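Everything on this sheet refers to the single structure shown next.
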Amino acid sequence: MEAKTKFKSDSTEWHWWLLVAVIAVLVAGAVYITVWRNFHDLQNKLPHIRRPPRGVTQKYSDALRISTQFFDVQRSGRLENNQIEWRGDSGLRDGKEENIDLSKGLYDAGDLIKFGFPMAFTATILAWSILEYGQHMEAVKELKHAQESLKWITDYLINAHPSDNVLYIQVGDPDIDHKCWERPETTTEKRPAIQVNNSYPGSDVAAETAAAMAAASLVFKNHDAHYSRSLLKHAQKLFEFADSYPGIYSKSIPQIQDYYNSSGYLDELLWAASWLYHATGDGYYISYVTVMHGNAFANWGNPTWLSWDDKLAGMQVLLSRVNFLNAENDISIGENMDLQMYRRTAEALMCRILLPSPTSQKTSGGLIWVNEWDSLQYSIATSFLAVVFSDYMFTSKTPYLYCSGKLYEPMDLREFAISQADYVLGNNPMNMSYLVGYGLKYPQYVHHRGASIQVNATTGCEDGFKWLNSTKPNPNLAIGAVVGGPFLNDTYIDSRNNSMQAEPTTYNSAFFVGLLSGLVTSSSVVRSFT
């Protein structure tokens with residue numbers, strides 16, 4: 001009797017739970033249908049998604065042709081097909097004391113030092129620009145020029161990595177250099193080559209160099225397979241070095257702190273691993289940036305500004321590409337969830353620039369403004385990311401970005417980027433182009449040694465300062481230079497001694513080449529770099 005009663009009770013309970021389950025399924029189905037209908041009703045009520053006009057935008061084509069020439073202005077080494085008439089061979093003995101050839105590469109700004117950290121970053125951004133917008137560059141006949149400029153850097157980087165755990169990260173002594181004002185072609189000062197290694201690590205600069213080489217390996221993959229494989233091998237070895245011997249390079253080499261002081265290396269490790277994933281497809285690298293180190297390193301939910309020192313925003317947008325366009329079946333659930341976090345953080349940056357907010361400071365003329373030193377770096381870099389992100393949305397047919405109750409189209413991001421590019425090209429309160437050589441009015445007193453000294457000058461180290469202090473405009477045109485930019489009140493002091501505003505950098509030019517390449521015409525980005 002007791003067993004029979006228990007069976008009856010269990011049977012009743014089983015039927016009860018079956019009824020609950022059926023009801024739950026019916027309710028869930030009704031909710032799904034309601035949500036689906038509401039979503040599609042909302043879509044039907046929303047306006048048609050705008051797209052950029054077809055064809056080439058001439059002003060951006062002209063500006064791109066000018067911008068790429070700054071890489072020629074900055075070249076060191078034995079120049080080939082030199083198009084800058086006031087430049088000549090320089091740095092031919094760089095690295096000789098170490099029995100390596102470090103003659104190529106770029107001078108980073110207005111001085112005569114080859115700083116490896118910003119040089120590698122310039123290469124990474126230039127390579128990314130080519131990968132995303134090479135077809136745009138080709139449409140205006142600038143692709144080959146961009147590829148040649150990239151290779152001039154990567155040739156140097158390959159030589160700067162003579163063994164697995166040694167990387168030369170600087171040529172020249174900045175303290176000596178800044179006591180002189182002379183042309184690179186005539187300098188006679190000592191130019192020591194500085195390295196990071198096991199004993200004096202530099203995870204930041206090693207990982208940035210790995211990122212540059214991995215990205216560049218993709219650029220050259222279909223043009224020079226052997227060179228591409230060499231770059232990728234160097235990239236993988238440098239990443240292992242950076243990961244195995246953690247350290248901040250400007251702590252290992254304190255004398256560099258006054259010039260390119262690094263705030264840390266976690267962002268560069270993630271940045272390098274992201275590029276190595278794109279270059280190899282190896283799941284280890286996607287695991288590295290997600291389940292292994294994403295939560296600890298990536299600062300999810302807190303968007304930052306992309307710069308030579310902080311790569312997080314760039315890496316978040318780059319990994320959004322995987323989420324938007326390259327969802328792979330072999331990516332685990334945990335990895336996919338973490339990739340979503342990267343995309344959400346990238347979206348937060350996009351919302352920051354679209355929404356009125358005290359954390360998104362703009363000048364009255366509309367320029368994103370973060371820092372008085374090299375202010376244009378931040379606006380141009382952010383605009384480049386905005387164009388890339390908008391094109392990911394276009395290509396993946398993602399119609400809207402949701403920001404604090406508002407919906408934005410990818411064209412909203414593109415229009416923001418256009419506003420920043422146009423500001424640089426002269427649509428600003430100064431009515432002046434900050435791209436040297438573009439328009440009728442642009443800076444005449446660029447803080448740049450070579451541009452400020454007459455080619456036939458006989459001055460040396462110390463007496464060359466008469467050219468720095470001269471009241472006459474530069475005798476040579478630093479064509480394609482993007483100067484530091486305006487103050488928060490939209491003003492610019494055109495003075496050679498005003499290095500805060502008047503000094504150009506190669507990474508500013510790399511950002512601007514990427515931005516202009518994205519805007520010069522319209523098309524979908526490729527779904528895969530490989």
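Each chain of the structure tokens is named A, B, ... in the order shown, its residues numbered from 1; ligands are numbered from 1 in display order.
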### Task
Determine, counting only C-alpha atoms, which protein, DNA and RNA residues have an atom within 10 Å of an atom of A:Tyr342; residues of the same chain fewer than 3 positions away are not included. Present the result as a list in words.
Val289, Thr290, Gly294, Ala298, Asn299, Trp300, Gly301, Pro303, Leu312, Ala313, Met315, Gln316, Val317, Leu318, Leu319, Ser320, Asn323, Asn336, Met337, Asp338, Leu339, Thr345, Ala346, Glu347 and Ala348 of chain A
### Task
May I have all residues of stretch 396-458 of chain A that DSSP, computed from the backbone, assigns to helix (DSSP H, G or I), given as a PyMOL selection string?
chain A and resi 410-424+449-452
Residues from the last selection, all heavy atoms, saved as a short mmCIF file (atom, residue, chain, number, x, y, z; two decimals), in the first residue's frame:
data_model
loop_
_atom_site.label_atom_id
_atom_site.label_comp_id
_atom_site.auth_asym_id
_atom_site.auth_seq_id
_atom_site.Cartn_x
_atom_site.Cartn_y
_atom_site.Cartn_z
N PRO A 410 25.84 53.57 -39.34
CA PRO A 410 27.27 53.65 -39.66
C PRO A 410 27.64 54.97 -40.35
O PRO A 410 28.76 55.45 -40.17
CB PRO A 410 27.50 52.44 -40.58
CG PRO A 410 26.15 51.91 -40.93
CD PRO A 410 25.22 52.34 -39.87
N MET A 411 26.71 55.56 -41.08
CA MET A 411 27.00 56.86 -41.72
C MET A 411 27.23 57.95 -40.69
O MET A 411 27.95 58.92 -40.97
CB MET A 411 25.87 57.27 -42.66
CG MET A 411 26.01 56.78 -44.09
SD MET A 411 27.55 57.32 -44.91
CE MET A 411 27.30 59.09 -44.99
N ASP A 412 26.66 57.82 -39.50
CA ASP A 412 26.90 58.82 -38.45
C ASP A 412 28.38 58.80 -38.04
O ASP A 412 28.99 59.84 -37.80
CB ASP A 412 26.00 58.56 -37.24
CG ASP A 412 24.54 58.81 -37.54
OD1 ASP A 412 24.23 59.83 -38.17
OD2 ASP A 412 23.71 57.97 -37.15
N LEU A 413 28.95 57.60 -37.96
CA LEU A 413 30.37 57.49 -37.64
C LEU A 413 31.22 58.05 -38.77
O LEU A 413 32.21 58.74 -38.54
CB LEU A 413 30.74 56.02 -37.38
CG LEU A 413 30.24 55.41 -36.07
CD1 LEU A 413 30.47 53.91 -36.06
CD2 LEU A 413 30.93 56.07 -34.88
N ARG A 414 30.83 57.75 -40.01
CA ARG A 414 31.57 58.25 -41.16
C ARG A 414 31.52 59.78 -41.21
O ARG A 414 32.53 60.44 -41.51
CB ARG A 414 31.02 57.64 -42.44
CG ARG A 414 31.88 57.92 -43.67
CD ARG A 414 31.32 57.22 -44.90
NE ARG A 414 32.16 57.45 -46.06
CZ ARG A 414 33.18 56.69 -46.44
NH1 ARG A 414 33.49 55.62 -45.71
NH2 ARG A 414 33.89 56.97 -47.51
N GLU A 415 30.37 60.34 -40.92
CA GLU A 415 30.24 61.80 -40.94
C GLU A 415 31.07 62.45 -39.84
O GLU A 415 31.61 63.55 -40.04
CB GLU A 415 28.77 62.18 -40.84
CG GLU A 415 27.99 61.90 -42.12
CD GLU A 415 26.49 62.02 -41.96
OE1 GLU A 415 26.02 62.14 -40.80
OE2 GLU A 415 25.78 61.95 -42.98
N PHE A 416 31.16 61.79 -38.70
CA PHE A 416 32.06 62.30 -37.66
C PHE A 416 33.49 62.32 -38.18
O PHE A 416 34.21 63.32 -38.02
CB PHE A 416 31.99 61.42 -36.41
CG PHE A 416 33.20 61.55 -35.52
CD1 PHE A 416 33.35 62.64 -34.69
CD2 PHE A 416 34.21 60.60 -35.56
CE1 PHE A 416 34.49 62.78 -33.90
CE2 PHE A 416 35.34 60.72 -34.78
CZ PHE A 416 35.48 61.82 -33.95
N ALA A 417 33.92 61.24 -38.81
CA ALA A 417 35.29 61.16 -39.33
C ALA A 417 35.52 62.22 -40.40
O ALA A 417 36.60 62.83 -40.46
CB ALA A 417 35.55 59.77 -39.89
N ILE A 418 34.53 62.46 -41.23
CA ILE A 418 34.64 63.50 -42.25
C ILE A 418 34.83 64.87 -41.61
O ILE A 418 35.66 65.68 -42.06
CB ILE A 418 33.38 63.49 -43.16
CG1 ILE A 418 33.41 62.26 -44.08
CG2 ILE A 418 33.28 64.78 -43.98
CD1 ILE A 418 32.12 62.04 -44.85
N SER A 419 34.11 65.11 -40.52
CA SER A 419 34.23 66.42 -39.84
C SER A 419 35.64 66.64 -39.31
O SER A 419 36.18 67.75 -39.37
CB SER A 419 33.21 66.52 -38.70
OG SER A 419 33.58 65.72 -37.58
N GLN A 420 36.25 65.58 -38.80
CA GLN A 420 37.61 65.69 -38.26
C GLN A 420 38.63 65.85 -39.38
O GLN A 420 39.56 66.66 -39.29
CB GLN A 420 37.95 64.47 -37.42
CG GLN A 420 36.99 64.21 -36.26
CD GLN A 420 36.95 65.34 -35.24
OE1 GLN A 420 37.90 65.56 -34.50
NE2 GLN A 420 35.84 66.06 -35.21
N ALA A 421 38.47 65.08 -40.47
CA ALA A 421 39.38 65.20 -41.61
C ALA A 421 39.29 66.60 -42.21
O ALA A 421 40.32 67.22 -42.54
CB ALA A 421 39.05 64.14 -42.66
N ASP A 422 38.08 67.11 -42.35
CA ASP A 422 37.91 68.44 -42.94
C ASP A 422 38.48 69.53 -42.04
O ASP A 422 38.99 70.55 -42.54
CB ASP A 422 36.42 68.70 -43.22
CG ASP A 422 35.89 67.89 -44.39
OD1 ASP A 422 36.71 67.23 -45.07
OD2 ASP A 422 34.67 67.90 -44.63
N TYR A 423 38.40 69.33 -40.73
CA TYR A 423 39.03 70.28 -39.81
C TYR A 423 40.53 70.34 -40.10
O TYR A 423 41.11 71.43 -40.20
CB TYR A 423 38.77 69.85 -38.37
CG TYR A 423 39.26 70.84 -37.32
CD1 TYR A 423 38.36 71.62 -36.61
CD2 TYR A 423 40.62 70.98 -37.03
CE1 TYR A 423 38.80 72.52 -35.64
CE2 TYR A 423 41.07 71.87 -36.08
CZ TYR A 423 40.16 72.64 -35.38
OH TYR A 423 40.61 73.54 -34.43
N VAL A 424 41.16 69.18 -40.21
CA VAL A 424 42.60 69.15 -40.48
C VAL A 424 42.93 69.82 -41.80
O VAL A 424 43.95 70.51 -41.94
CB VAL A 424 43.12 67.69 -40.48
CG1 VAL A 424 44.60 67.63 -40.86
CG2 VAL A 424 42.91 67.04 -39.11
N ARG A 449 64.18 69.82 -38.47
CA ARG A 449 65.55 70.23 -38.77
C ARG A 449 65.81 70.33 -40.28
O ARG A 449 66.26 71.35 -40.80
CB ARG A 449 66.55 69.27 -38.12
CG ARG A 449 66.67 69.47 -36.61
CD ARG A 449 67.30 68.24 -35.96
NE ARG A 449 67.61 68.44 -34.55
CZ ARG A 449 66.72 68.51 -33.57
NH1 ARG A 449 65.42 68.40 -33.86
NH2 ARG A 449 67.10 68.68 -32.31
N GLY A 450 65.56 69.24 -40.99
CA GLY A 450 65.87 69.22 -42.40
C GLY A 450 65.12 70.26 -43.20
O GLY A 450 65.67 70.87 -44.13
N ALA A 451 63.85 70.48 -42.86
CA ALA A 451 63.04 71.44 -43.60
C ALA A 451 63.46 72.87 -43.33
O ALA A 451 63.24 73.75 -44.17
CB ALA A 451 61.56 71.25 -43.26
N SER A 452 64.08 73.12 -42.18
CA SER A 452 64.37 74.50 -41.77
C SER A 452 65.75 74.99 -42.22
O SER A 452 66.04 76.18 -42.10
CB SER A 452 64.27 74.62 -40.25
OG SER A 452 65.31 73.90 -39.62
#
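Note that the spacing between atom CA of A:Gly334 and atom CA of A:Tyr402 amounts to 23.9 Å.
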### Query
So which one's closest to A:His145, A:His178, A:His161, A:Arg65, A:Arg229? Using only C-alpha atoms, please.
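Closest candidate: A:Arg65.
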### Message
So that I can check the surroundings of A:Asp330, please list as a VMD selection string every protein, DNA and RNA residue that reaches within 12 Å of it, counting only C-alpha atoms and ignoring chain neighbours fewer than 3 positions away.
### Response
chain A and resid 281 to 284 286 to 287 326 to 327 333 to 336
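Between A:Lys311 and the candidates A:Thr124, A:Asn476, A:Thr68, A:Ser199, the tightest atom-to-atom separation, counting only C-alpha atoms, involves A:Thr124.
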#### Entry: Given only C-alpha atoms as the counted atoms, nearest of A:Ile100, A:Val140, A:Val205, A:Ala120 to A:Leu157
A:Ala120
### Residue among A:Leu477, A:Ala502, A:Ala235, A:Val482 lying closest to A:Ile453, counting only C-alpha atoms
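Checking each of A:Leu477, A:Ala502, A:Ala235, A:Val482 against A:Ile453, counting only C-alpha atoms, the winner is A:Leu477.
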#### Entry: Those of stretch 45-116 of chain A in DSSP strand (DSSP E or B), formatted as an MDAnalysis selection string
chainID A and resid 75 77 90 106 114:115
Considering only C-alpha atoms, give me a table of residues in stretch 165-266 of chain A that are at most 12 Å from stretch 86-89 of chain A, with the closest atom pair and distance in Å for each, as a tab-separated table.
residue	atom	partner	partner_atom	distance
A:Arg183	CA	A:Arg87	CA	9.0
A:Pro184	CA	A:Asp89	CA	8.3
A:Glu185	CA	A:Asp89	CA	6.0
A:Thr186	CA	A:Asp89	CA	9.4
A:Thr187	CA	A:Asp89	CA	11.4
### Task
Find the residue from A:Ser217, A:Asp177, A:Glu189, A:Pro53 that sits nearest to A:Asp155; use only C-alpha atoms when measuring.
A:Ser217
### Query
What lies within 8 Å of A:Phe487 using only C-alpha atoms, ignoring chain neighbours under 3 positions off, as a list in words?
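Contacts, with the query itself left out: Glu372, Ser375, Asp490, Thr491, Tyr492 and Gln501 of chain A.
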Emit the selected residues as a PDB file, in the first residue's frame, including N, CA, C and O atoms.
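The resulting file, selection.pdb, is reproduced below:
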ATOM      1  N   GLU A 372      47.175  68.731 -25.079  1.00  0.00           N
ATOM      2  CA  GLU A 372      47.762  69.866 -25.795  1.00  0.00           C
ATOM      3  C   GLU A 372      48.999  69.477 -26.595  1.00  0.00           C
ATOM      4  O   GLU A 372      49.345  70.134 -27.582  1.00  0.00           O
ATOM      5  N   SER A 375      47.961  67.381 -30.379  1.00  0.00           N
ATOM      6  CA  SER A 375      46.521  67.217 -30.188  1.00  0.00           C
ATOM      7  C   SER A 375      45.848  66.490 -31.347  1.00  0.00           C
ATOM      8  O   SER A 375      44.863  65.765 -31.144  1.00  0.00           O
ATOM      9  N   ASP A 490      41.208  76.329 -30.280  1.00  0.00           N
ATOM     10  CA  ASP A 490      41.307  76.287 -31.748  1.00  0.00           C
ATOM     11  C   ASP A 490      42.398  77.180 -32.321  1.00  0.00           C
ATOM     12  O   ASP A 490      42.421  77.431 -33.530  1.00  0.00           O
ATOM     13  N   THR A 491      43.316  77.667 -31.491  1.00  0.00           N
ATOM     14  CA  THR A 491      44.380  78.536 -32.000  1.00  0.00           C
ATOM     15  C   THR A 491      45.643  77.736 -32.276  1.00  0.00           C
ATOM     16  O   THR A 491      45.866  76.666 -31.692  1.00  0.00           O
ATOM     17  N   TYR A 492      46.471  78.284 -33.168  1.00  0.00           N
ATOM     18  CA  TYR A 492      47.736  77.652 -33.535  1.00  0.00           C
ATOM     19  C   TYR A 492      48.782  78.738 -33.688  1.00  0.00           C
ATOM     20  O   TYR A 492      48.561  79.737 -34.384  1.00  0.00           O
ATOM     21  N   GLN A 501      53.091  72.317 -30.793  1.00  0.00           N
ATOM     22  CA  GLN A 501      52.090  72.394 -31.851  1.00  0.00           C
ATOM     23  C   GLN A 501      52.667  72.173 -33.246  1.00  0.00           C
ATOM     24  O   GLN A 501      51.960  71.712 -34.142  1.00  0.00           O
TER      25      GLN A 501
END
Could you pull the residues within 9 Å of A:Asp173, counting only C-alpha atoms, minus those fewer than 5 positions along the same chain, as a PDB file with N, CA and C atoms, in the first residue's frame?
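What ended up in part33.pdb:
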ATOM      1  N   ILE A 113      66.610  61.218 -34.530  1.00  0.00           N
ATOM      2  CA  ILE A 113      66.659  59.943 -33.805  1.00  0.00           C
ATOM      3  C   ILE A 113      65.714  58.945 -34.470  1.00  0.00           C
ATOM      4  N   HIS A 178      69.490  66.672 -29.282  1.00  0.00           N
ATOM      5  CA  HIS A 178      68.727  67.880 -28.957  1.00  0.00           C
ATOM      6  C   HIS A 178      69.623  69.056 -28.578  1.00  0.00           C
ATOM      7  N   GLU A 189      77.673  63.600 -35.319  1.00  0.00           N
ATOM      8  CA  GLU A 189      77.621  63.162 -33.916  1.00  0.00           C
ATOM      9  C   GLU A 189      77.506  61.627 -33.835  1.00  0.00           C
ATOM     10  N   LYS A 190      77.931  61.088 -32.703  1.00  0.00           N
ATOM     11  CA  LYS A 190      77.833  59.649 -32.495  1.00  0.00           C
ATOM     12  C   LYS A 190      76.368  59.215 -32.452  1.00  0.00           C
ATOM     13  N   ARG A 191      76.111  58.041 -33.023  1.00  0.00           N
ATOM     14  CA  ARG A 191      74.744  57.518 -33.088  1.00  0.00           C
ATOM     15  C   ARG A 191      74.738  56.077 -32.563  1.00  0.00           C
ATOM     16  N   PRO A 192      74.759  55.925 -31.232  1.00  0.00           N
ATOM     17  CA  PRO A 192      74.774  54.569 -30.668  1.00  0.00           C
ATOM     18  C   PRO A 192      73.470  53.833 -30.949  1.00  0.00           C
ATOM     19  N   ALA A 193      73.572  52.518 -31.054  1.00  0.00           N
ATOM     20  CA  ALA A 193      72.394  51.661 -31.221  1.00  0.00           C
ATOM     21  C   ALA A 193      72.070  51.033 -29.867  1.00  0.00           C
TER      22      ALA A 193
END
